[in-house]
Amino acid sequence: MTQNIKVVIVDDHPMFRSGVSQSLKECGFDIVGEGGNAEEAIALATHLTPDVILLDISMPGNGLAAIKSILSMAP
């Protein structure tokens with residue numbers, strides 16, 4: 001039995017986010033959440049506890065600041 005890797009994708013471009021999500025699903029990854037800004041990234045990380053977060057660092061709300069918050073709240 002294999003365990004899927006839980007992934008959250010956060011990017012402010014919905015079409016890009018959708019393409020990445022679809023590609024990862026086809027490779028067997030479990031997309032557990034998607035968001036479009038730093039605030040959503042923090043909420044998704046703390047509520048869903050994914051294994052991996054793909055995060056746009058230059059999105060609304062400052063992706064780099066979101067990383068610091070995520071690391072402190074859900075390492």
# chains A, B, ... in the order shown; residues from 1 in each chain; ligands from 1
$ residues_around --residues "segment 16-24 of chain A" --least-positions-apart "2" --cutoff "10 Å" --atoms "only C-alpha atoms" --output "ChimeraX atom specification"
/A:7-14,26-36,54,56
$ write_last_selection --atoms "N, CA, C and O atoms" --output "JSON list (two decimals), in the first residue's frame"
[["chain", "number", "residue", "atom", "x", "y", "z"],
["A", 7, "VAL", "N", -0.47, 17.64, -0.98],
["A", 7, "VAL", "CA", 0.09, 18.88, -1.53],
["A", 7, "VAL", "C", -0.95, 20.00, -1.47],
["A", 7, "VAL", "O", -2.12, 19.78, -1.77],
["A", 8, "VAL", "N", -0.49, 21.19, -1.09],
["A", 8, "VAL", "CA", -1.29, 22.42, -1.20],
["A", 8, "VAL", "C", -0.60, 23.31, -2.22],
["A", 8, "VAL", "O", 0.63, 23.45, -2.20],
["A", 9, "ILE", "N", -1.38, 23.90, -3.11],
["A", 9, "ILE", "CA", -0.85, 24.79, -4.15],
["A", 9, "ILE", "C", -1.42, 26.18, -3.91],
["A", 9, "ILE", "O", -2.65, 26.35, -3.82],
["A", 10, "VAL", "N", -0.53, 27.18, -3.81],
["A", 10, "VAL", "CA", -0.98, 28.56, -3.60],
["A", 10, "VAL", "C", -0.31, 29.46, -4.62],
["A", 10, "VAL", "O", 0.90, 29.62, -4.64],
["A", 11, "ASP", "N", -1.14, 30.03, -5.49],
["A", 11, "ASP", "CA", -0.67, 30.95, -6.53],
["A", 11, "ASP", "C", -1.85, 31.85, -6.90],
["A", 11, "ASP", "O", -2.99, 31.39, -6.92],
["A", 12, "ASP", "N", -1.57, 33.11, -7.20],
["A", 12, "ASP", "CA", -2.65, 34.04, -7.51],
["A", 12, "ASP", "C", -3.15, 33.96, -8.95],
["A", 12, "ASP", "O", -4.05, 34.69, -9.33],
["A", 13, "HIS", "N", -2.62, 33.05, -9.73],
["A", 13, "HIS", "CA", -3.07, 32.85, -11.11],
["A", 13, "HIS", "C", -3.84, 31.52, -11.19],
["A", 13, "HIS", "O", -3.22, 30.44, -11.21],
["A", 14, "PRO", "N", -5.17, 31.58, -11.22],
["A", 14, "PRO", "CA", -5.99, 30.34, -11.18],
["A", 14, "PRO", "C", -5.67, 29.35, -12.30],
["A", 14, "PRO", "O", -5.67, 28.15, -12.07],
["A", 26, "GLU", "N", -2.19, 13.70, -11.92],
["A", 26, "GLU", "CA", -1.89, 12.65, -12.89],
["A", 26, "GLU", "C", -0.66, 11.84, -12.49],
["A", 26, "GLU", "O", -0.52, 10.69, -12.90],
["A", 27, "CYS", "N", 0.21, 12.44, -11.68],
["A", 27, "CYS", "CA", 1.41, 11.74, -11.20],
["A", 27, "CYS", "C", 1.17, 11.04, -9.87],
["A", 27, "CYS", "O", 2.10, 10.47, -9.29],
["A", 28, "GLY", "N", -0.05, 11.10, -9.36],
["A", 28, "GLY", "CA", -0.38, 10.37, -8.14],
["A", 28, "GLY", "C", -0.34, 11.18, -6.85],
["A", 28, "GLY", "O", -0.52, 10.63, -5.77],
["A", 29, "PHE", "N", -0.10, 12.49, -6.94],
["A", 29, "PHE", "CA", -0.10, 13.32, -5.73],
["A", 29, "PHE", "C", -1.54, 13.61, -5.32],
["A", 29, "PHE", "O", -2.45, 13.68, -6.14],
["A", 30, "ASP", "N", -1.73, 13.82, -4.03],
["A", 30, "ASP", "CA", -3.05, 14.13, -3.47],
["A", 30, "ASP", "C", -3.12, 15.63, -3.21],
["A", 30, "ASP", "O", -2.52, 16.13, -2.26],
["A", 31, "ILE", "N", -3.84, 16.36, -4.07],
["A", 31, "ILE", "CA", -3.97, 17.80, -3.90],
["A", 31, "ILE", "C", -5.08, 18.03, -2.87],
["A", 31, "ILE", "O", -6.25, 17.79, -3.14],
["A", 32, "VAL", "N", -4.68, 18.49, -1.68],
["A", 32, "VAL", "CA", -5.64, 18.64, -0.59],
["A", 32, "VAL", "C", -6.18, 20.06, -0.46],
["A", 32, "VAL", "O", -7.15, 20.28, 0.27],
["A", 33, "GLY", "N", -5.56, 21.03, -1.15],
["A", 33, "GLY", "CA", -6.06, 22.39, -1.07],
["A", 33, "GLY", "C", -5.38, 23.31, -2.06],
["A", 33, "GLY", "O", -4.27, 23.03, -2.51],
["A", 34, "GLU", "N", -6.09, 24.39, -2.39],
["A", 34, "GLU", "CA", -5.56, 25.41, -3.29],
["A", 34, "GLU", "C", -5.96, 26.77, -2.77],
["A", 34, "GLU", "O", -7.04, 26.93, -2.20],
["A", 35, "GLY", "N", -5.08, 27.75, -2.98],
["A", 35, "GLY", "CA", -5.38, 29.11, -2.56],
["A", 35, "GLY", "C", -4.74, 30.12, -3.48],
["A", 35, "GLY", "O", -3.94, 29.76, -4.35],
["A", 36, "GLY", "N", -5.11, 31.41, -3.27],
["A", 36, "GLY", "CA", -4.65, 32.44, -4.16],
["A", 36, "GLY", "C", -3.88, 33.58, -3.53],
["A", 36, "GLY", "O", -3.49, 34.50, -4.22],
["A", 54, "LEU", "N", 3.35, 24.18, -2.42],
["A", 54, "LEU", "CA", 3.92, 24.89, -3.56],
["A", 54, "LEU", "C", 3.37, 26.30, -3.48],
["A", 54, "LEU", "O", 2.17, 26.52, -3.60],
["A", 56, "ASP", "N", 3.73, 30.51, -4.38],
["A", 56, "ASP", "CA", 4.24, 31.63, -5.16],
["A", 56, "ASP", "C", 4.74, 32.69, -4.17],
["A", 56, "ASP", "O", 3.97, 33.19, -3.37]]
$ select_by_dssp --residues "chain A" --states "helix (DSSP H, G or I)" --output "MDAnalysis selection string"
chainID A and resid 14:26 38:48 63:73
$ closest_residue --among "A:Met73, A:Ile5, A:Ile57, A:Ala66" --to "Ala41 of chain A" --atoms "only C-alpha atoms"
A:Ala66
